[in-house]
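Q: This one is final.cif, mmCIF, C-alpha atoms.
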```
data_upload
#
loop_
_atom_site.label_atom_id
_atom_site.label_comp_id
_atom_site.auth_asym_id
_atom_site.auth_seq_id
_atom_site.Cartn_x
_atom_site.Cartn_y
_atom_site.Cartn_z
CA MET A 261 -8.38 23.77 18.47
CA LEU A 262 -7.96 21.30 21.31
CA THR A 263 -5.94 22.54 24.26
CA GLN A 264 -5.13 19.11 25.66
CA THR A 265 -3.23 16.00 24.72
CA THR A 266 -5.87 13.65 23.35
CA SER A 267 -7.06 11.50 20.48
CA ARG A 268 -10.34 11.66 18.59
CA VAL A 269 -12.02 10.64 15.35
CA LEU A 270 -11.36 13.35 12.77
CA GLU A 271 -14.20 15.05 10.91
CA PRO A 272 -14.39 16.46 7.36
CA SER A 273 -13.54 19.91 8.73
CA ASP A 274 -10.15 18.52 9.86
CA LEU A 275 -9.08 17.75 6.29
CA ASP A 276 -6.44 20.48 5.89
CA ALA A 277 -4.79 19.61 9.20
CA ALA A 278 -4.75 15.90 8.32
CA LEU A 279 -3.26 16.56 4.89
CA ALA A 280 -0.53 18.66 6.51
CA VAL A 281 0.47 15.67 8.67
CA LEU A 282 0.36 13.29 5.69
CA ASP A 283 2.48 15.70 3.66
CA ARG A 284 5.35 15.46 6.15
CA GLU A 285 6.25 12.04 4.72
CA PRO A 286 4.81 11.99 1.18
CA VAL A 287 6.44 8.70 0.10
CA THR A 288 5.71 6.68 3.24
CA ASN A 289 2.15 8.01 3.42
CA ALA A 290 1.28 7.79 -0.30
CA PHE A 291 -1.35 5.06 0.16
CA VAL A 292 -3.38 6.90 2.81
CA THR A 293 -2.82 10.34 1.25
CA SER A 294 -4.22 9.16 -2.08
CA ARG A 295 -7.35 7.86 -0.35
CA VAL A 296 -7.85 11.06 1.67
CA GLN A 297 -7.32 13.33 -1.36
CA ILE A 298 -10.09 11.48 -3.20
CA ALA A 299 -12.54 10.77 -0.36
CA GLY A 300 -11.85 13.38 2.32
CA LEU A 301 -12.38 12.33 5.94
CA ASP A 302 -16.02 11.23 5.78
CA PRO A 303 -15.82 7.63 7.10
CA TRP A 304 -18.36 6.28 4.60
CA ARG A 305 -16.47 7.63 1.59
CA LEU A 306 -13.02 6.97 3.07
CA GLY A 307 -13.84 3.37 3.95
CA GLY A 308 -12.86 3.86 7.58
CA GLU A 309 -12.20 6.38 10.32
CA MET A 310 -9.19 8.65 10.60
CA TRP A 311 -8.01 8.98 14.19
CA GLY A 312 -6.04 12.03 15.21
CA TRP A 313 -3.59 12.56 18.08
CA TYR A 314 -3.18 16.08 19.43
CA GLU A 315 -0.24 17.47 21.41
CA ASP A 316 -0.69 20.94 22.92
CA GLY A 317 -3.71 21.47 20.69
CA MET A 318 -1.89 20.58 17.46
CA LEU A 319 -2.66 17.53 15.31
CA THR A 320 0.64 15.61 15.18
CA SER A 321 -0.19 11.95 14.40
CA LEU A 322 -2.84 9.99 12.54
CA CYS A 323 -4.11 6.43 12.31
CA TYR A 324 -6.27 5.18 9.46
CA ALA A 325 -8.74 2.57 10.73
CA GLY A 326 -10.41 0.79 7.83
CA ALA A 327 -9.69 -2.51 6.09
CA ASN A 328 -6.11 -1.82 7.23
CA LEU A 329 -4.98 -0.20 10.47
CA VAL A 330 -2.22 2.25 9.48
CA PRO A 331 -0.25 4.43 11.95
CA ILE A 332 0.92 7.68 10.33
CA CYS A 333 3.72 9.88 11.72
CA ALA A 334 2.84 8.22 15.02
CA THR A 335 4.82 9.16 18.14
CA PRO A 336 5.08 6.62 21.00
CA ARG A 337 2.35 8.43 22.95
CA ALA A 338 0.13 8.50 19.87
CA VAL A 339 0.67 4.78 19.33
CA ARG A 340 -0.51 4.07 22.87
CA ALA A 341 -3.61 6.19 22.35
CA PHE A 342 -4.37 4.50 19.01
CA ALA A 343 -3.90 1.06 20.57
CA ASP A 344 -6.36 1.97 23.37
CA ARG A 345 -8.92 3.13 20.82
CA ALA A 346 -8.39 0.03 18.65
CA ARG A 347 -8.85 -2.29 21.64
CA ARG A 348 -12.09 -0.59 22.60
CA ALA A 349 -13.43 -0.75 19.06
CA GLY A 350 -12.41 -4.38 18.52
CA ARG A 351 -10.56 -5.70 15.49
CA ARG A 352 -12.29 -4.84 12.21
CA CYS A 353 -9.21 -4.76 9.97
CA SER A 354 -7.62 -7.55 7.95
CA SER A 355 -4.11 -6.20 8.55
CA ILE A 356 -1.98 -3.67 10.40
CA VAL A 357 0.54 -2.07 8.06
CA GLY A 358 2.84 0.94 8.23
CA PRO A 359 6.34 2.13 9.12
CA ALA A 360 8.13 -0.73 10.88
CA GLY A 361 8.85 1.09 14.16
CA SER A 362 5.39 2.42 14.99
CA THR A 363 3.66 -0.67 13.57
CA ALA A 364 5.77 -2.95 15.79
CA ASP A 365 4.89 -0.82 18.83
CA LEU A 366 1.19 -0.87 17.92
CA TRP A 367 1.19 -4.64 17.45
CA ARG A 368 3.01 -5.21 20.76
CA LEU A 369 0.18 -3.38 22.53
CA LEU A 370 -2.62 -5.07 20.56
CA GLU A 371 -1.29 -8.64 20.32
CA PRO A 372 -2.54 -9.75 23.78
CA GLN A 373 -6.14 -9.05 22.68
CA TRP A 374 -5.92 -9.39 18.89
CA GLY A 375 -3.41 -12.19 18.51
CA PRO A 376 -2.36 -14.54 17.25
CA ALA A 377 -1.89 -13.11 13.77
CA ARG A 378 -1.90 -15.34 10.69
CA ASP A 379 1.44 -13.86 9.63
CA VAL A 380 3.79 -11.11 10.85
CA ARG A 381 6.24 -9.60 8.36
CA ARG A 382 8.46 -7.48 10.55
CA ARG A 383 10.69 -5.95 7.90
CA GLN A 384 9.55 -5.07 4.40
CA PRO A 385 12.12 -2.75 2.81
CA LEU A 386 10.64 0.49 1.43
CA MET A 387 12.34 1.26 -1.87
CA VAL A 388 12.29 4.54 -3.82
CA THR A 389 13.54 6.02 -7.07
CA ASP A 390 13.08 9.24 -9.04
CA SER A 391 14.76 8.11 -12.26
CA LEU A 392 15.08 5.23 -14.69
CA SER A 393 18.23 3.11 -14.57
CA ALA A 394 20.31 3.43 -17.72
CA GLY A 395 21.23 -0.24 -17.43
CA ILE A 396 17.78 -1.77 -18.05
CA ALA A 397 15.78 -1.14 -21.22
CA PRO A 398 12.00 -1.00 -20.57
CA ASP A 399 10.05 -3.92 -22.04
CA PRO A 400 8.27 -2.49 -25.11
CA TYR A 401 5.49 -5.10 -24.76
CA VAL A 402 4.42 -3.94 -21.29
CA ARG A 403 1.51 -1.53 -21.69
CA ARG A 404 -1.62 -0.22 -20.00
CA VAL A 405 -4.35 -2.82 -19.64
CA ARG A 406 -7.55 -1.95 -21.53
CA LYS A 407 -11.00 -2.20 -19.95
CA ASP A 408 -11.93 -5.03 -22.31
CA GLU A 409 -8.96 -7.05 -20.99
CA MET A 410 -10.23 -7.29 -17.39
CA GLU A 411 -11.20 -10.93 -17.85
CA ALA A 412 -7.66 -11.81 -18.95
CA LEU A 413 -6.06 -9.79 -16.14
CA MET A 414 -8.12 -11.10 -13.20
CA PRO A 415 -6.58 -14.62 -12.95
CA ALA A 416 -3.11 -13.08 -12.73
CA CYS A 417 -4.29 -10.63 -10.05
CA VAL A 418 -5.89 -13.43 -8.02
CA ALA A 419 -2.76 -15.59 -8.34
CA MET A 420 -0.50 -12.72 -7.23
CA PHE A 421 -2.70 -11.83 -4.24
CA THR A 422 -3.02 -15.44 -3.09
CA GLU A 423 0.72 -16.01 -3.43
CA GLU A 424 1.59 -12.78 -1.59
CA VAL A 425 -1.02 -12.67 1.18
CA GLY A 426 -1.67 -16.37 1.69
CA VAL A 427 -5.44 -16.26 1.19
CA SER A 428 -7.57 -15.82 -1.91
CA PRO A 429 -9.17 -12.40 -2.53
CA LEU A 430 -12.23 -14.31 -3.76
CA ALA A 431 -13.05 -15.51 -0.24
CA GLY A 432 -15.95 -13.94 1.63
CA ASP A 433 -17.81 -11.84 -0.94
CA GLY A 434 -16.80 -13.95 -3.93
CA GLY A 435 -14.24 -11.38 -4.95
CA LEU A 436 -16.64 -8.50 -5.65
CA LEU A 437 -14.62 -5.91 -3.72
CA TYR A 438 -11.34 -7.12 -5.16
CA GLN A 439 -12.69 -7.13 -8.71
CA ALA A 440 -13.99 -3.58 -8.20
CA ARG A 441 -10.54 -2.47 -7.04
CA VAL A 442 -8.83 -4.04 -10.07
CA ALA A 443 -11.44 -2.45 -12.35
CA GLU A 444 -10.73 0.93 -10.73
CA LEU A 445 -7.01 0.59 -11.45
CA VAL A 446 -7.64 -0.49 -15.04
CA GLY A 447 -10.13 2.33 -15.56
CA SER A 448 -7.68 4.93 -14.25
CA GLY A 449 -4.87 3.67 -16.48
CA ARG A 450 -2.77 2.38 -13.57
CA ALA A 451 -2.71 -1.36 -14.45
CA PHE A 452 0.08 -2.64 -16.71
CA ALA A 453 0.79 -6.03 -18.26
CA ARG A 454 2.57 -7.98 -20.93
CA PHE A 455 0.42 -10.55 -22.75
CA ASP A 456 1.65 -13.59 -24.65
CA ALA A 457 0.44 -14.60 -28.14
CA ASP A 458 -2.58 -16.36 -26.61
CA GLY A 459 -3.63 -13.27 -24.63
CA LYS A 460 -2.43 -14.61 -21.28
CA VAL A 461 -0.75 -12.27 -18.79
CA VAL A 462 2.92 -13.15 -18.32
CA PHE A 463 3.94 -10.01 -16.35
CA LYS A 464 1.85 -7.44 -14.50
CA ALA A 465 2.06 -4.60 -12.00
CA GLU A 466 -0.14 -1.73 -10.86
CA ILE A 467 0.34 1.78 -9.54
CA GLY A 468 -1.82 1.26 -6.50
CA ALA A 469 -1.57 4.67 -4.84
CA ALA A 470 -0.88 8.02 -6.45
CA THR A 471 -0.53 11.62 -5.30
CA ASP A 472 1.09 14.55 -7.06
CA ARG A 473 4.24 13.97 -4.97
CA ALA A 474 4.66 10.19 -4.94
CA CYS A 475 3.15 6.95 -6.18
CA GLN A 476 3.47 3.32 -5.16
CA ILE A 477 3.86 0.26 -7.41
CA GLN A 478 2.17 -2.92 -6.19
CA GLY A 479 1.07 -6.32 -7.40
CA VAL A 480 4.25 -7.17 -9.31
CA TRP A 481 3.88 -10.70 -10.71
CA VAL A 482 5.47 -12.94 -13.32
CA ALA A 483 3.65 -16.07 -14.49
CA PRO A 484 5.36 -19.10 -12.87
CA GLU A 485 6.38 -20.67 -16.18
CA TYR A 486 8.16 -17.42 -17.17
CA ARG A 487 10.11 -16.90 -13.95
CA GLY A 488 13.84 -16.80 -14.42
CA THR A 489 13.54 -15.79 -18.07
CA GLY A 490 14.39 -12.12 -17.53
CA LEU A 491 10.91 -10.55 -17.79
CA ALA A 492 10.79 -8.90 -14.37
CA ALA A 493 13.44 -6.17 -14.63
CA PRO A 494 12.46 -4.85 -18.13
CA GLY A 495 8.80 -5.10 -17.11
CA MET A 496 9.40 -3.07 -13.95
CA ALA A 497 11.43 -0.56 -15.96
CA ALA A 498 8.46 -0.11 -18.30
CA VAL A 499 6.02 0.46 -15.43
CA LEU A 500 8.49 2.84 -13.79
CA ARG A 501 8.78 4.84 -17.02
CA TYR A 502 4.99 5.24 -17.17
CA ALA A 503 4.85 6.17 -13.48
CA LEU A 504 7.53 8.87 -13.70
CA ALA A 505 6.17 10.30 -16.94
CA ASP A 506 2.46 10.31 -16.13
CA VAL A 507 1.89 10.02 -12.38
CA ALA A 508 4.46 11.38 -9.91
CA PRO A 509 8.12 12.48 -9.64
CA VAL A 510 8.95 9.81 -7.04
CA VAL A 511 8.03 6.12 -7.23
CA SER A 512 8.07 3.70 -4.30
CA LEU A 513 7.27 0.12 -3.42
CA TYR A 514 7.78 -2.20 -0.48
CA VAL A 515 8.84 -5.81 -0.61
CA ASN A 516 9.24 -8.75 1.77
CA ASP A 517 12.80 -8.91 3.10
CA PHE A 518 12.98 -12.65 2.35
CA ASN A 519 12.21 -12.06 -1.36
CA THR A 520 15.84 -11.56 -2.35
CA ALA A 521 15.20 -12.09 -6.07
CA ALA A 522 12.64 -9.27 -6.17
CA ARG A 523 14.86 -6.95 -4.14
CA ARG A 524 17.74 -7.52 -6.57
CA THR A 525 15.44 -6.85 -9.54
CA TYR A 526 14.20 -3.58 -8.06
CA GLN A 527 17.75 -2.47 -7.29
CA ARG A 528 18.78 -3.20 -10.89
CA VAL A 529 15.91 -1.01 -12.13
CA GLY A 530 17.10 1.86 -9.90
CA PHE A 531 15.23 1.51 -6.58
CA GLN A 532 17.10 2.12 -3.32
CA GLU A 533 16.08 1.12 0.19
CA VAL A 534 15.14 4.13 2.33
CA GLY A 535 13.28 2.53 5.23
CA ALA A 536 11.03 -0.38 6.12
CA PHE A 537 7.36 -1.23 6.52
CA MET A 538 5.85 -3.96 8.68
CA SER A 539 2.66 -5.95 8.07
CA VAL A 540 0.54 -7.97 10.49
CA LEU A 541 -1.92 -10.19 8.60
CA PHE A 542 -5.07 -11.69 10.17
#
```
Using the file provided, produce a representation of the structure as structure tokens.
A:
Amino acid sequence: MLTQTTSRVLEPSDLDAALAVLDREPVTNAFVTSRVQIAGLDPWRLGGEMWGWYEDGMLTSLCYAGANLVPICATPRAVRAFADRARRAGRRCSSIVGPAGSTADLWRLLEPQWGPARDVRRRQPLMVTDSLSAGIAPDPYVRRVRKDEMEALMPACVAMFTEEVGVSPLAGDGGLLYQARVAELVGSGRAFARFDADGKVVFKAEIGAATDRACQIQGVWVAPEYRGTGLAAPGMAAVLRYALADVAPVVSLYVNDFNTAARRTYQRVGFQEVGAFMSVLF
């Protein structure tokens, strides 16, 4: 145990202590918790380092430093320590994302060296539910995507990602990493879609992170020609039903504050705002 106030890179032997911190906010931390539960704290398997902040010898805050930089239960002093470490290491991430307060503080400290960002989304409401709304019937045509349907699903995934993030996931490595991630979600039964008569995806969503306490829906997309036809709410209700029945007792998602149509849809399905995330995109 450390007897001072300090930060360091965590090691596999710190797993239990790190999980205890993550477990303090199971919904907010679902993304990182799911990665740690599968991969542990070995940087090669985890896809990045886990930084720890200690107060009086106790691990109190974390920061995941991989493709994303994610502050976790981060106090103001921890944020300063994580920002110092991030500056020394140099920017390796494609985004900073996490609870709005600590992420804003982290970005304020990093922006002089790391800025300008391509996009800053300062308030992305975090929405949660533990039950299906009685007012929306789940779409019976939304179902799990089969492995042999990957080819049909990928164009919808690429379109959603490009629309949401502003760059194509096929840039750089030709989409190999992104395709592997989609294949992982399909293989684990966490990708859902509705197909039209020609086999084209008209609605899709994935359960991107899952623990035994909470899961997170991501990648919600309706084909442009079907928008405004009432597919989104029943589709989301169907995915929510699968999530609550098969994955976790609490389901979350976060959404851009300017996407009022999506926020209304999620509220109709039963989601309520409980907080906010922030994303800084490079």
Q: Using only C-alpha atoms, which protein or nucleic acid residues come within 6 Å of region 322-338 of chain A? Drop anything in the same chain fewer than 5 positions from it, and give the result as JSON, numbers by chain.
A: {"A": [307, 308, 309, 310, 311, 312, 313, 353, 354, 355, 356, 357, 358]}
Q: Using all atoms listed in the file, I'd like a table of the residues in region 460-487 of chain A that come within 12 Å of region 395-408 of chain A; for each, show the closest atom pair and its distance in Å rounded to one decimal, ordered by chain and ascending number, as a tab-separated table.
A:
```
residue	atom	partner	partner_atom	distance
A:Val461	CA	A:Val402	CA	10.1
A:Val462	CA	A:Val402	CA	9.8
A:Phe463	CA	A:Val402	CA	7.8
A:Lys464	CA	A:Val402	CA	8.1
A:Ala465	CA	A:Val402	CA	9.6
A:Glu466	CA	A:Arg404	CA	9.4
A:Ile467	CA	A:Arg404	CA	10.8
```
Q: Go ahead and save the picked residues with C-alpha atoms, as a PDB file, keeping the file's coordinate frame.
A:
```
ATOM      1  CA  VAL A 461      -0.750 -12.270 -18.790  1.00  0.00           C
ATOM      2  CA  VAL A 462       2.920 -13.150 -18.320  1.00  0.00           C
ATOM      3  CA  PHE A 463       3.940 -10.010 -16.350  1.00  0.00           C
ATOM      4  CA  LYS A 464       1.850  -7.440 -14.500  1.00  0.00           C
ATOM      5  CA  ALA A 465       2.060  -4.600 -12.000  1.00  0.00           C
ATOM      6  CA  GLU A 466      -0.140  -1.730 -10.860  1.00  0.00           C
ATOM      7  CA  ILE A 467       0.340   1.780  -9.540  1.00  0.00           C
TER       8      ILE A 467
END
```
Q: Evaluating the PyMOL selection byres ((chain A and resi 280-295) around 6) on the displayed file yields which residues, as a VMD selection string?
A: chain A and resid 277 to 279 296 to 299 469 to 471 474
Q: Apply the PyMOL selection byres ((chain A and resi 447) around 12) to the displayed file and report the matching residues as number ranges by chain.
A: A: 404-410, 439-446, 448-452, 466
Q: Choose the residue, out of A:Thr422, A:Ser539, A:Gln532, A:Thr489, that has the smallest atom-to-atom separation from Ser393 (chain A); count only C-alpha atoms.
A: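 The closest residue to Ser393 (chain A) is A:Gln532.
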Q: Grab the CA of Ala412 (chain A) to CA of Ala508 (chain A) distance for me, in Å with one decimal place.
A: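 Here the two named atoms are 27.7 Å from each other.
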Q: Could you please determine the separation between CA of Val482 (chain A) and CA of Lys460 (chain A) in Å, to one decimal place?
A: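 The value is 11.3 Å.
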Q: Ranking A:Ala349, A:Ala416, A:Leu504, A:Leu430 by minimum distance to Ala453 (chain A) and counting all atoms listed in the file, which one comes first?
A: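 Comparing A:Ala349, A:Ala416, A:Leu504, A:Leu430 against Ala453 (chain A), the winner is A:Ala416.
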Q: Could you tell me how far CA of Trp367 (chain A) lies from CA of Tyr314 (chain A), in Å and to one decimal?
A: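 Between CA of Trp367 (chain A) and CA of Tyr314 (chain A) the gap is 21.3 Å.
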Q: Name the residues captured by the PyMOL selection byres ((chain A and resi 511-528) around 8) when it is applied to the shown file; answer as a ChimeraX atom specification.
A: /A:287,381,383-390,393,395-396,474-478,492-493,496,500,503-504,508-510,529-532,536-537
Q: Give, as lines of an AutoDock Vina configuration file, the centre coordinates and the x, y and z edge lengths in Å to one decimal for an axis-aligned box around all listed atoms of region 481-488 of chain A, padded by 6 Å on each side.
A:
```
center_x = 8.7
center_y = -15.7
center_z = -13.9
size_x = 22.2
size_y = 22.0
size_z = 18.5
```
Q: Quick one: residues within 9 Å of Val380 (chain A), all atoms listed in the file counted, chain neighbours fewer than 6 positions away excluded, as a list in words?
A: Met538, Ser539, Val540, Leu541 and Phe542 of chain A
Q: Using all atoms listed in the file, which residue out of A:Pro429, A:Thr266, A:Arg345, A:Tyr486 lies closest to Thr320 (chain A)?
A: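 Closest candidate: A:Thr266.
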